[in-house]
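The file coords_13.cif contains mmCIF, C-alpha atoms:
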data_final
#
loop_
_atom_site.group_PDB
_atom_site.id
_atom_site.type_symbol
_atom_site.label_atom_id
_atom_site.label_comp_id
_atom_site.auth_asym_id
_atom_site.auth_seq_id
_atom_site.Cartn_x
_atom_site.Cartn_y
_atom_site.Cartn_z
ATOM 1 C CA MET C 171 -23.462 -15.671 48.239
ATOM 2 C CA SER C 172 -24.529 -12.464 46.521
ATOM 3 C CA ARG C 173 -26.818 -14.314 44.089
ATOM 4 C CA GLN C 174 -30.074 -16.169 44.629
ATOM 5 C CA THR C 175 -29.614 -19.835 45.428
ATOM 6 C CA TYR C 176 -30.433 -22.716 43.077
ATOM 7 C CA PRO C 177 -31.973 -26.008 44.262
ATOM 8 C CA SER C 178 -28.709 -27.745 43.341
ATOM 9 C CA ASP C 179 -26.546 -25.525 45.585
ATOM 10 C CA LEU C 180 -24.710 -26.976 48.559
ATOM 11 C CA THR C 181 -25.828 -25.944 52.015
ATOM 12 C CA ASP C 182 -23.342 -24.613 54.558
ATOM 13 C CA ALA C 183 -23.309 -27.955 56.382
ATOM 14 C CA GLN C 184 -22.769 -29.910 53.172
ATOM 15 C CA TRP C 185 -19.961 -27.626 52.061
ATOM 16 C CA ALA C 186 -18.292 -28.046 55.457
ATOM 17 C CA ILE C 187 -18.110 -31.785 54.741
ATOM 18 C CA LEU C 188 -17.006 -31.436 51.119
ATOM 19 C CA GLU C 189 -14.511 -28.579 51.436
ATOM 20 C CA PRO C 190 -11.672 -30.636 53.011
ATOM 21 C CA LEU C 191 -11.943 -33.089 50.102
ATOM 22 C CA ILE C 192 -11.620 -30.440 47.359
ATOM 23 C CA PRO C 193 -8.072 -29.482 46.275
ATOM 24 C CA PRO C 194 -7.329 -25.990 47.596
ATOM 25 C CA ALA C 195 -6.095 -23.144 45.470
ATOM 26 C CA ALA C 196 -2.368 -22.938 44.792
ATOM 27 C CA PRO C 197 -0.587 -20.890 47.486
ATOM 28 C CA ASP C 198 1.174 -18.817 44.829
ATOM 29 C CA ALA C 199 -2.046 -17.926 42.984
ATOM 30 C CA PRO C 200 -2.061 -14.125 42.382
ATOM 31 C CA HIS C 201 -5.806 -13.831 43.003
ATOM 32 C CA LEU C 202 -8.908 -15.990 43.163
ATOM 33 C CA MET C 203 -11.697 -15.042 40.794
ATOM 34 C CA TYR C 204 -14.080 -17.816 41.913
ATOM 35 C CA GLU C 205 -14.459 -19.597 45.223
ATOM 36 C CA ARG C 206 -14.220 -23.371 45.265
ATOM 37 C CA ARG C 207 -17.773 -23.598 46.592
ATOM 38 C CA GLU C 208 -19.152 -21.692 43.608
ATOM 39 C CA ILE C 209 -17.240 -23.927 41.197
ATOM 40 C CA ALA C 210 -18.738 -26.999 42.876
ATOM 41 C CA ASN C 211 -22.208 -25.426 42.760
ATOM 42 C CA ALA C 212 -21.810 -24.783 39.026
ATOM 43 C CA MET C 213 -20.917 -28.444 38.415
ATOM 44 C CA LEU C 214 -23.932 -29.557 40.411
ATOM 45 C CA TYR C 215 -26.132 -27.178 38.409
ATOM 46 C CA VAL C 216 -25.039 -28.866 35.174
ATOM 47 C CA LEU C 217 -25.571 -32.298 36.731
ATOM 48 C CA ARG C 218 -29.081 -31.570 37.968
ATOM 49 C CA SER C 219 -30.388 -29.398 35.133
ATOM 50 C CA GLY C 220 -28.711 -31.280 32.288
ATOM 51 C CA CYS C 221 -27.737 -28.065 30.506
ATOM 52 C CA PRO C 222 -24.654 -27.846 28.251
ATOM 53 C CA TRP C 223 -21.550 -26.352 29.797
ATOM 54 C CA ARG C 224 -21.805 -23.242 27.631
ATOM 55 C CA MET C 225 -25.314 -22.528 28.950
ATOM 56 C CA LEU C 226 -24.365 -22.083 32.586
ATOM 57 C CA PRO C 227 -26.165 -19.036 34.056
ATOM 58 C CA HIS C 228 -24.151 -15.839 34.125
ATOM 59 C CA ASP C 229 -24.346 -15.555 37.907
ATOM 60 C CA LEU C 230 -22.272 -18.757 38.189
ATOM 61 C CA PRO C 231 -18.560 -18.989 37.323
ATOM 62 C CA ALA C 232 -17.574 -18.937 33.649
ATOM 63 C CA TRP C 233 -18.356 -22.236 31.969
ATOM 64 C CA ASP C 234 -14.844 -22.831 30.619
ATOM 65 C CA THR C 235 -13.368 -22.365 34.100
ATOM 66 C CA VAL C 236 -15.860 -24.819 35.620
ATOM 67 C CA TYR C 237 -15.232 -27.366 32.870
ATOM 68 C CA TRP C 238 -11.460 -26.981 33.296
ATOM 69 C CA TYR C 239 -11.700 -27.826 36.993
ATOM 70 C CA PHE C 240 -14.141 -30.676 36.297
ATOM 71 C CA ARG C 241 -11.692 -32.346 33.868
ATOM 72 C CA ARG C 242 -8.651 -31.571 36.011
ATOM 73 C CA TRP C 243 -10.156 -33.150 39.103
ATOM 74 C CA GLN C 244 -11.202 -36.131 37.014
ATOM 75 C CA ARG C 245 -7.640 -36.667 35.769
ATOM 76 C CA GLU C 246 -6.216 -36.255 39.293
ATOM 77 C CA GLY C 247 -8.607 -38.831 40.778
ATOM 78 C CA VAL C 248 -10.376 -36.309 43.003
ATOM 79 C CA TRP C 249 -13.845 -37.691 42.253
ATOM 80 C CA GLU C 250 -12.800 -41.195 43.360
ATOM 81 C CA GLN C 251 -11.292 -39.816 46.574
ATOM 82 C CA ILE C 252 -14.459 -37.856 47.374
ATOM 83 C CA LEU C 253 -16.639 -40.896 46.637
ATOM 84 C CA HIS C 254 -14.633 -43.187 48.923
ATOM 85 C CA ALA C 255 -14.400 -40.648 51.756
ATOM 86 C CA LEU C 256 -18.130 -39.855 51.775
ATOM 87 C CA ARG C 257 -19.099 -43.510 51.505
ATOM 88 C CA LYS C 258 -17.096 -44.330 54.629
ATOM 89 C CA GLN C 259 -18.822 -41.516 56.520
ATOM 90 C CA VAL C 260 -22.273 -42.694 55.407
ATOM 91 C CA ARG C 261 -21.539 -46.288 56.422
ATOM 92 C CA ILE C 262 -20.326 -45.172 59.852
ATOM 93 C CA GLN C 263 -23.446 -43.022 60.227
ATOM 94 C CA HIS C 264 -25.538 -46.172 59.581
ATOM 95 C CA ASP C 265 -23.558 -48.206 62.146
ATOM 96 C CA ARG C 266 -21.671 -50.145 59.471
ATOM 97 C CA ALA C 267 -17.968 -50.841 59.119
ATOM 98 C CA PRO C 268 -16.194 -48.198 57.009
ATOM 99 C CA GLU C 269 -15.328 -50.787 54.352
ATOM 100 C CA PRO C 270 -17.886 -53.237 52.902
ATOM 101 C CA SER C 271 -17.578 -57.014 53.086
ATOM 102 C CA ALA C 272 -19.963 -57.739 50.175
ATOM 103 C CA ALA C 273 -20.990 -56.024 46.954
ATOM 104 C CA ILE C 274 -23.444 -56.225 44.052
ATOM 105 C CA ILE C 275 -22.567 -55.731 40.389
ATOM 106 C CA ASP C 276 -24.772 -54.818 37.431
ATOM 107 C CA SER C 277 -24.855 -52.796 34.216
ATOM 108 C CA GLN C 278 -27.192 -50.418 32.400
ATOM 109 C CA SER C 279 -27.316 -49.642 28.677
ATOM 110 C CA LEU C 280 -28.501 -46.203 27.629
ATOM 111 C CA LYS C 281 -28.593 -44.038 24.548
ATOM 112 C CA THR C 282 -26.035 -41.367 23.757
ATOM 113 C CA SER C 283 -26.744 -37.889 22.486
ATOM 114 C CA ALA C 284 -25.380 -36.498 19.216
ATOM 115 C CA VAL C 285 -21.849 -35.902 20.450
ATOM 116 C CA ARG C 286 -18.615 -37.300 19.128
ATOM 117 C CA GLY C 287 -16.544 -39.639 21.210
ATOM 118 C CA PRO C 288 -15.208 -43.183 21.591
ATOM 119 C CA GLU C 289 -16.778 -46.234 23.220
ATOM 120 C CA LYS C 290 -20.129 -46.431 21.460
ATOM 121 C CA GLY C 291 -21.861 -49.523 20.159
ATOM 122 C CA TYR C 292 -25.074 -51.491 19.816
ATOM 123 C CA ASP C 293 -26.502 -53.641 22.599
ATOM 124 C CA SER C 294 -28.400 -56.321 20.703
ATOM 125 C CA GLY C 295 -30.078 -57.563 23.878
ATOM 126 C CA LYS C 296 -31.543 -54.211 24.914
ATOM 127 C CA LYS C 297 -31.821 -52.894 21.318
ATOM 128 C CA ILE C 298 -29.936 -49.734 22.298
ATOM 129 C CA TRP C 299 -27.177 -47.853 20.498
ATOM 130 C CA GLY C 300 -24.970 -46.046 22.953
ATOM 131 C CA ARG C 301 -22.955 -46.850 26.037
ATOM 132 C CA LYS C 302 -23.140 -49.170 29.011
ATOM 133 C CA ARG C 303 -22.608 -48.263 32.662
ATOM 134 C CA HIS C 304 -21.046 -50.913 34.864
ATOM 135 C CA ILE C 305 -21.299 -50.245 38.594
ATOM 136 C CA LEU C 306 -20.378 -51.993 41.821
ATOM 137 C CA VAL C 307 -22.249 -51.026 44.998
ATOM 138 C CA ASP C 308 -22.252 -52.086 48.632
ATOM 139 C CA THR C 309 -25.275 -53.624 50.327
ATOM 140 C CA GLN C 310 -26.687 -50.143 51.023
ATOM 141 C CA GLY C 311 -26.483 -49.102 47.379
ATOM 142 C CA ASN C 312 -23.489 -46.766 47.748
ATOM 143 C CA VAL C 313 -21.319 -46.749 44.636
ATOM 144 C CA LEU C 314 -17.942 -48.459 45.002
ATOM 145 C CA ALA C 315 -16.752 -48.298 41.393
ATOM 146 C CA VAL C 316 -18.027 -47.359 37.950
ATOM 147 C CA LYS C 317 -16.898 -47.969 34.385
ATOM 148 C CA VAL C 318 -18.466 -46.723 31.144
ATOM 149 C CA THR C 319 -17.951 -48.742 27.967
ATOM 150 C CA ALA C 320 -19.590 -49.173 24.593
ATOM 151 C CA ALA C 321 -23.015 -50.808 24.825
ATOM 152 C CA SER C 322 -21.740 -53.551 22.516
ATOM 153 C CA ARG C 323 -19.400 -54.856 25.215
ATOM 154 C CA SER C 324 -20.725 -57.727 27.285
ATOM 155 C CA ASP C 325 -21.380 -57.408 31.004
ATOM 156 C CA GLN C 326 -18.386 -59.626 31.711
ATOM 157 C CA GLN C 327 -16.028 -57.600 29.510
ATOM 158 C CA GLY C 328 -17.056 -54.306 31.074
ATOM 159 C CA GLY C 329 -17.149 -55.815 34.548
ATOM 160 C CA LYS C 330 -13.577 -57.059 34.236
ATOM 161 C CA ARG C 331 -12.380 -53.641 33.033
ATOM 162 C CA MET C 332 -13.969 -52.084 36.111
ATOM 163 C CA LEU C 333 -12.898 -54.699 38.642
ATOM 164 C CA GLU C 334 -9.297 -55.129 37.524
ATOM 165 C CA LEU C 335 -8.617 -51.622 38.891
ATOM 166 C CA LEU C 336 -9.847 -52.592 42.364
ATOM 167 C CA VAL C 337 -7.106 -55.057 43.316
ATOM 168 C CA GLY C 338 -6.247 -54.358 46.958
ATOM 169 C CA LEU C 339 -8.719 -51.470 47.220
ATOM 170 C CA PHE C 340 -11.482 -53.290 49.141
ATOM 171 C CA PRO C 341 -9.719 -55.917 51.282
ATOM 172 C CA ARG C 342 -12.838 -56.827 53.305
ATOM 173 C CA ILE C 343 -14.989 -57.830 50.333
ATOM 174 C CA LYS C 344 -15.379 -61.603 50.139
ATOM 175 C CA LEU C 345 -18.650 -62.008 48.240
ATOM 176 C CA VAL C 346 -20.222 -60.347 45.210
ATOM 177 C CA TRP C 347 -23.746 -60.861 43.896
ATOM 178 C CA GLY C 348 -24.749 -60.544 40.261
ATOM 179 C CA ASP C 349 -27.209 -61.774 37.664
ATOM 180 C CA SER C 350 -26.663 -64.658 35.251
ATOM 181 C CA HIS C 351 -24.462 -62.501 32.978
ATOM 182 C CA TYR C 352 -21.711 -62.759 35.582
ATOM 183 C CA ALA C 353 -21.735 -66.560 35.773
ATOM 184 C CA GLY C 354 -19.413 -68.934 33.940
ATOM 185 C CA ASP C 355 -15.841 -67.721 33.417
ATOM 186 C CA MET C 356 -16.488 -64.597 35.486
ATOM 187 C CA ILE C 357 -16.749 -66.661 38.686
ATOM 188 C CA LEU C 358 -13.259 -68.110 38.249
ATOM 189 C CA TRP C 359 -11.822 -64.764 37.137
ATOM 190 C CA LEU C 360 -13.107 -62.983 40.267
ATOM 191 C CA LEU C 361 -11.712 -65.693 42.511
ATOM 192 C CA GLN C 362 -8.282 -65.619 40.867
ATOM 193 C CA HIS C 363 -7.838 -61.854 40.556
ATOM 194 C CA LEU C 364 -9.667 -60.494 43.595
ATOM 195 C CA GLY C 365 -10.293 -63.501 45.811
ATOM 196 C CA TRP C 366 -14.041 -62.848 45.761
ATOM 197 C CA LEU C 367 -16.706 -65.525 45.772
ATOM 198 C CA THR C 368 -19.614 -65.012 43.371
ATOM 199 C CA GLU C 369 -23.274 -65.796 43.980
ATOM 200 C CA THR C 370 -25.514 -65.678 40.926
ATOM 201 C CA ILE C 371 -29.080 -64.519 41.530
ATOM 202 C CA ARG C 372 -31.355 -65.670 38.737
ATOM 203 C CA ARG C 373 -34.871 -64.554 37.977
ATOM 204 C CA PRO C 374 -37.392 -67.223 39.083
ATOM 205 C CA VAL C 375 -38.893 -69.277 36.292
ATOM 206 C CA ASP C 376 -42.607 -68.768 35.718
ATOM 207 C CA SER C 377 -44.243 -72.164 36.271
ATOM 208 C CA SER C 378 -47.539 -71.189 34.654
ATOM 209 C CA SER C 379 -46.401 -72.707 31.357
ATOM 210 C CA ASP C 380 -46.315 -76.166 33.006
ATOM 211 C CA GLN C 381 -49.923 -76.195 34.137
ATOM 212 C CA GLY C 382 -51.079 -78.533 31.389
ATOM 213 C CA THR C 383 -54.686 -78.050 30.345
ATOM 214 C CA CYS C 384 -55.471 -75.106 32.619
ATOM 215 C CA ASP C 385 -57.962 -72.458 31.641
ATOM 216 C CA LEU C 386 -56.512 -70.013 29.057
ATOM 217 C CA ALA C 387 -58.028 -66.919 30.698
ATOM 218 C CA THR C 388 -56.578 -67.911 34.074
ATOM 219 C CA THR C 389 -53.124 -68.431 32.556
ATOM 220 C CA LYS C 390 -53.154 -65.008 30.901
ATOM 221 C CA LYS C 391 -54.201 -63.383 34.159
ATOM 222 C CA GLU C 392 -51.375 -65.055 36.100
ATOM 223 C CA ASN C 393 -48.813 -64.135 33.448
ATOM 224 C CA ALA C 394 -49.960 -60.509 33.520
ATOM 225 C CA SER C 395 -49.658 -60.374 37.299
ATOM 226 C CA SER C 396 -46.129 -61.802 37.197
ATOM 227 C CA SER C 397 -44.888 -59.456 34.486
ATOM 228 C CA GLY C 398 -43.142 -56.147 35.066
ATOM 229 C CA PHE C 399 -40.628 -55.278 37.762
ATOM 230 C CA ARG C 400 -40.237 -57.779 40.568
ATOM 231 C CA PRO C 401 -37.590 -57.096 43.243
ATOM 232 C CA LEU C 402 -35.001 -59.871 43.392
ATOM 233 C CA PRO C 403 -32.844 -60.587 46.436
ATOM 234 C CA ARG C 404 -29.771 -58.355 46.514
ATOM 235 C CA ARG C 405 -30.150 -57.370 42.844
ATOM 236 C CA TRP C 406 -32.805 -54.783 43.669
ATOM 237 C CA VAL C 407 -30.158 -52.805 45.582
ATOM 238 C CA VAL C 408 -27.953 -52.156 42.550
ATOM 239 C CA GLU C 409 -31.000 -51.596 40.317
ATOM 240 C CA ARG C 410 -32.140 -48.909 42.753
ATOM 241 C CA SER C 411 -28.691 -47.313 42.577
ATOM 242 C CA LEU C 412 -28.925 -47.182 38.780
ATOM 243 C CA ALA C 413 -32.339 -45.538 39.144
ATOM 244 C CA TRP C 414 -30.849 -42.941 41.488
ATOM 245 C CA ILE C 415 -28.246 -42.112 38.840
ATOM 246 C CA THR C 416 -30.779 -41.571 36.060
ATOM 247 C CA ARG C 417 -32.771 -39.122 38.200
ATOM 248 C CA TRP C 418 -30.086 -36.539 37.433
ATOM 249 C CA ARG C 419 -30.964 -34.988 34.081
ATOM 250 C CA ARG C 420 -27.378 -34.933 32.866
ATOM 251 C CA LEU C 421 -27.291 -38.713 33.376
ATOM 252 C CA CYS C 422 -30.678 -39.786 32.024
ATOM 253 C CA ARG C 423 -28.796 -40.119 28.711
ATOM 254 C CA ASP C 424 -25.070 -40.138 28.026
ATOM 255 C CA HIS C 425 -24.279 -36.607 26.823
ATOM 256 C CA GLU C 426 -20.511 -36.825 27.267
ATOM 257 C CA GLY C 427 -17.914 -37.018 24.551
ATOM 258 C CA LEU C 428 -15.531 -38.989 26.771
ATOM 259 C CA PRO C 429 -16.459 -42.037 28.888
ATOM 260 C CA ALA C 430 -14.232 -40.635 31.640
ATOM 261 C CA SER C 431 -16.510 -37.586 31.884
ATOM 262 C CA SER C 432 -19.535 -39.873 32.206
ATOM 263 C CA GLU C 433 -17.834 -41.749 35.019
ATOM 264 C CA ALA C 434 -16.963 -38.474 36.766
ATOM 265 C CA PHE C 435 -20.571 -37.269 36.609
ATOM 266 C CA ILE C 436 -21.814 -40.595 38.005
ATOM 267 C CA MET C 437 -19.393 -40.322 40.928
ATOM 268 C CA LEU C 438 -20.434 -36.700 41.447
ATOM 269 C CA ALA C 439 -24.118 -37.727 41.526
ATOM 270 C CA ALA C 440 -23.397 -40.527 44.017
ATOM 271 C CA SER C 441 -21.371 -38.142 46.179
ATOM 272 C CA ARG C 442 -24.132 -35.525 46.124
ATOM 273 C CA ARG C 443 -26.660 -38.086 47.336
ATOM 274 C CA MET C 444 -24.396 -39.087 50.209
ATOM 275 C CA LEU C 445 -23.892 -35.436 51.167
ATOM 276 C CA SER C 446 -27.664 -35.136 51.477
ATOM 277 C CA LEU C 447 -27.640 -38.126 53.841
ATOM 278 C CA LEU C 448 -24.823 -36.727 55.966
ATOM 279 C CA ALA C 449 -26.284 -33.206 56.088
ATOM 280 C CA PRO C 450 -29.976 -33.213 55.097
ATOM 281 C CA PRO C 451 -31.030 -29.882 53.551
ATOM 282 C CA PHE C 452 -34.343 -30.042 55.406
ATOM 283 C CA PRO C 453 -33.853 -31.262 59.000
#

Reformat the file's structure so that it appears as structure tokens.
Amino acid sequence: MSRQTYPSDLTDAQWAILEPLIPPAAPDAPHLMYERREIANAMLYVLRSGCPWRMLPHDLPAWDTVYWYFRRWQREGVWEQILHALRKQVRIQHDRAPEPSAAIIDSQSLKTSAVRGPEKGYDSGKKIWGRKRHILVDTQGNVLAVKVTAASRSDQQGGKRMLELLVGLFPRIKLVWGDSHYAGDMILWLLQHLGWLTETIRRPVDSSSDQGTCDLATTKKENASSSGFRPLPRRWVVERSLAWITRWRRLCRDHEGLPASSEAFIMLAASRRMLSLLAPPFP
């Protein structure tokens, strides 16, 4: 490249893995103004920096060209294909079967920026106006599927919208873990539509309230020590995956007008993380 590199740029080894998964230029194209690698680097710059499309640096491809390819590849399902291909390579690298046999499901509500677009609402449980991300990951935390809905939709409603598209896609999955929001009717629905068994992992009940006439100071101390984040079996994996997503500045809040663009950026972020595992930038 004739320009100075950005921290978000792909290395030669990473591009060698990604290039076969990117649609090539049309054979009848009169000339190529931008290389596919530079277009991918521009998308990753937006993802990592969080800048608007129109504020792409001038040494990267024109913003409208980059955005056009981003939306085109989203409509053609390229981001899903890249996600599935890289996930298989990462699982094989970790001595796992290419396809998972179990998965974990969860959701995350987050605020939206001042952009127009559908699928927005109020999550009365989290006290957040915006959207909700529903994700399914394997036992290593690699993203299997993602769906973005209004925050007002319940976890079961959004989960069903995400999972109904996966019929026949993951034939080895037999078990899915989730929190108490995926209990009840969701258990029967998963069994009927996907043939998956569901195991609900609930947060342990604090028994300090049943200690009778214990010392008040001692009770407060025990409650304080048990508050905050406590890793729960299996659920911590998907919560870690959600934390990985929000580390990208474009995804720390939903800045997209269309939910489909949010989903594409989430898949791009998950794919970029897996590229770093397959070809570490710093050996």

Residue members of the PyMOL selection byres ((chain C and resi 348-352) around 9) in the file shown, as a PDB file with C-alpha atoms, in the coordinates of the input:
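Output (result_6.pdb):
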ATOM      1  CA  ALA C 273     -20.990 -56.024  46.954  1.00  0.00           C
ATOM      2  CA  ILE C 274     -23.444 -56.225  44.052  1.00  0.00           C
ATOM      3  CA  ILE C 275     -22.567 -55.731  40.389  1.00  0.00           C
ATOM      4  CA  ASP C 276     -24.772 -54.818  37.431  1.00  0.00           C
ATOM      5  CA  SER C 324     -20.725 -57.727  27.285  1.00  0.00           C
ATOM      6  CA  ASP C 325     -21.380 -57.408  31.004  1.00  0.00           C
ATOM      7  CA  GLN C 326     -18.386 -59.626  31.711  1.00  0.00           C
ATOM      8  CA  GLY C 329     -17.149 -55.815  34.548  1.00  0.00           C
ATOM      9  CA  VAL C 346     -20.222 -60.347  45.210  1.00  0.00           C
ATOM     10  CA  TRP C 347     -23.746 -60.861  43.896  1.00  0.00           C
ATOM     11  CA  ALA C 353     -21.735 -66.560  35.773  1.00  0.00           C
ATOM     12  CA  GLY C 354     -19.413 -68.934  33.940  1.00  0.00           C
ATOM     13  CA  ASP C 355     -15.841 -67.721  33.417  1.00  0.00           C
ATOM     14  CA  MET C 356     -16.488 -64.597  35.486  1.00  0.00           C
ATOM     15  CA  ILE C 357     -16.749 -66.661  38.686  1.00  0.00           C
ATOM     16  CA  THR C 368     -19.614 -65.012  43.371  1.00  0.00           C
ATOM     17  CA  GLU C 369     -23.274 -65.796  43.980  1.00  0.00           C
ATOM     18  CA  THR C 370     -25.514 -65.678  40.926  1.00  0.00           C
ATOM     19  CA  ILE C 371     -29.080 -64.519  41.530  1.00  0.00           C
ATOM     20  CA  ARG C 372     -31.355 -65.670  38.737  1.00  0.00           C
ATOM     21  CA  ARG C 373     -34.871 -64.554  37.977  1.00  0.00           C
ATOM     22  CA  ARG C 404     -29.771 -58.355  46.514  1.00  0.00           C
ATOM     23  CA  ARG C 405     -30.150 -57.370  42.844  1.00  0.00           C
TER      24      ARG C 405
END

Exercise. Rounded to one decimal in Å, what is the spacing between atom CA of Met213 of chain C and atom CA of Pro193 of chain C?
Worked result: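 Computed distance, atom CA of Met213 of chain C to atom CA of Pro193 of chain C, equals 15.1 Å.
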
For this session: Would you work out the distance separating atom CA of Lys290 of chain C from atom CA of Ile415 of chain C, expressed in Å to one decimal?
Result: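 Between atom CA of Lys290 of chain C and atom CA of Ile415 of chain C the gap is 19.7 Å.
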
Problem set entry | Residue neighbourhood segment 258-271 of chain C, 9 Å, only C-alpha atoms, exclusion window fewer than 3 positions, as JSON, numbers by chain | {"C": [253, 254, 255, 308, 309, 310, 312, 340, 341, 342, 343, 344, 345, 346, 444, 445, 447, 448]}

Exercise. Can you list, as a list in words, every protein, DNA or RNA residue that comes within 9 Å of Arg241 of chain C when you count all atoms listed in the file, leaving out same-chain residues fewer than 3 positions away?
Worked result: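 So, after excluding close chain neighbours, the residues are Val236, Tyr237, Trp238, Gln244, Arg245, Glu246, Ala430, Ser431 and Ala434 of chain C.
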
For the selection just defined, write its residues with C-alpha atoms to a file, as a PDB file, in the frame of the given file.
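This is the output file again_31.pdb:
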ATOM      1  CA  VAL C 236     -15.860 -24.819  35.620  1.00  0.00           C
ATOM      2  CA  TYR C 237     -15.232 -27.366  32.870  1.00  0.00           C
ATOM      3  CA  TRP C 238     -11.460 -26.981  33.296  1.00  0.00           C
ATOM      4  CA  GLN C 244     -11.202 -36.131  37.014  1.00  0.00           C
ATOM      5  CA  ARG C 245      -7.640 -36.667  35.769  1.00  0.00           C
ATOM      6  CA  GLU C 246      -6.216 -36.255  39.293  1.00  0.00           C
ATOM      7  CA  ALA C 430     -14.232 -40.635  31.640  1.00  0.00           C
ATOM      8  CA  SER C 431     -16.510 -37.586  31.884  1.00  0.00           C
ATOM      9  CA  ALA C 434     -16.963 -38.474  36.766  1.00  0.00           C
TER      10      ALA C 434
END

Exercise. Within 7 Å of Met437 of chain C, counting only C-alpha atoms, which residues qualify if same-chain residues fewer than 4 places away don't, as a PyMOL selection string?
Worked result: chain C and resi 249+253+433+441

Problem set entry | Among the residues C:Gly311, C:Pro190, C:Gly291, C:Pro231, the one that comes closest to Gln251 of chain C [using all atoms listed in the file] |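 When distances to Gln251 of chain C are compared using all atoms listed in the file, the smallest one comes from C:Pro190.
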
For this session: Return as a ChimeraX atom specification the set of residues that the PyMOL selection byres ((chain C and resi 280) around 12) yields on the displayed structure.
Result: /C:277-279,281-283,290-293,296-304,318-322,412,415-416,421-425,432

For this session: Could you tell me which of C:Ala315, C:Ala183, C:Met203, C:Val285 comes closest to Pro222 of chain C if we count all atoms listed in the file?
Result: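 The shortest atom-to-atom distance to Pro222 of chain C comes from C:Val285.
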
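Counting all atoms listed in the file and comparing C:Arg242, C:Arg224, C:Arg443, C:His201, the residue that lies closest to Gln184 of chain C is C:Arg443.
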
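In this structure, atom CA of Asp179 of chain C sits 5.2 Å away from atom CA of Asn211 of chain C.
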
Evaluating the PyMOL selection byres ((chain C and resi 332) around 9) on the displayed file yields which residues, as an mmCIF file with C-alpha atoms, keeping the file's coordinate frame?
data_model
loop_
_atom_site.group_PDB
_atom_site.id
_atom_site.type_symbol
_atom_site.label_atom_id
_atom_site.label_comp_id
_atom_site.auth_asym_id
_atom_site.auth_seq_id
_atom_site.Cartn_x
_atom_site.Cartn_y
_atom_site.Cartn_z
ATOM 1 C CA HIS C 304 -21.046 -50.913 34.864
ATOM 2 C CA ILE C 305 -21.299 -50.245 38.594
ATOM 3 C CA LEU C 306 -20.378 -51.993 41.821
ATOM 4 C CA ALA C 315 -16.752 -48.298 41.393
ATOM 5 C CA VAL C 316 -18.027 -47.359 37.950
ATOM 6 C CA LYS C 317 -16.898 -47.969 34.385
ATOM 7 C CA VAL C 318 -18.466 -46.723 31.144
ATOM 8 C CA GLN C 327 -16.028 -57.600 29.510
ATOM 9 C CA GLY C 328 -17.056 -54.306 31.074
ATOM 10 C CA GLY C 329 -17.149 -55.815 34.548
ATOM 11 C CA LYS C 330 -13.577 -57.059 34.236
ATOM 12 C CA ARG C 331 -12.380 -53.641 33.033
ATOM 13 C CA LEU C 333 -12.898 -54.699 38.642
ATOM 14 C CA GLU C 334 -9.297 -55.129 37.524
ATOM 15 C CA LEU C 335 -8.617 -51.622 38.891
ATOM 16 C CA LEU C 336 -9.847 -52.592 42.364
#

For this session: Extract, using only C-alpha atoms, all DNA, RNA and protein residues at most 12 Å from Gln174 of chain C, discarding same-chain residues fewer than 2 positions from it, and format them as a ChimeraX atom specification.
Result: /C:171-172,176-179,227,229-230

Problem set entry | Which residue of C:Glu250, C:Phe240, C:Glu426, C:Leu367 approaches Gly220 of chain C most closely, using all atoms listed in the file |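 Closest to Gly220 of chain C of all the choices is C:Glu426.
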
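Residue nearest Gly287 of chain C within the list C:Leu202, C:Leu256, C:Leu428, C:Val248: C:Leu428 [criterion: smallest interatomic distance, only C-alpha atoms].
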
Problem set entry | All residues 8 Å or closer to segment 205-208 of chain C, only C-alpha atoms, same chain fewer than 6 positions away omitted, as number ranges by chain | C: 180, 185, 189, 192, 194, 230-231

Segment 416-430 of chain C from the block above, C-alpha atoms, as an mmCIF file, in the first residue's frame, please?
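Writing the result to selection_25.cif gives the following:
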data_model
loop_
_atom_site.group_PDB
_atom_site.id
_atom_site.type_symbol
_atom_site.label_atom_id
_atom_site.label_comp_id
_atom_site.auth_asym_id
_atom_site.auth_seq_id
_atom_site.Cartn_x
_atom_site.Cartn_y
_atom_site.Cartn_z
ATOM 1 C CA THR C 416 -19.146 -3.697 22.190
ATOM 2 C CA ARG C 417 -15.365 -3.202 22.159
ATOM 3 C CA TRP C 418 -15.727 -2.003 18.568
ATOM 4 C CA ARG C 419 -16.638 1.680 18.714
ATOM 5 C CA ARG C 420 -19.170 1.439 15.909
ATOM 6 C CA LEU C 421 -21.016 -1.177 17.984
ATOM 7 C CA CYS C 422 -20.858 0.309 21.479
ATOM 8 C CA ARG C 423 -24.163 1.958 20.488
ATOM 9 C CA ASP C 424 -26.456 1.235 17.559
ATOM 10 C CA HIS C 425 -25.641 3.932 14.990
ATOM 11 C CA GLU C 426 -27.318 2.240 12.029
ATOM 12 C CA GLY C 427 -30.500 3.293 10.318
ATOM 13 C CA LEU C 428 -31.315 -0.287 9.316
ATOM 14 C CA PRO C 429 -31.184 -3.336 11.623
ATOM 15 C CA ALA C 430 -29.660 -5.290 8.731
#
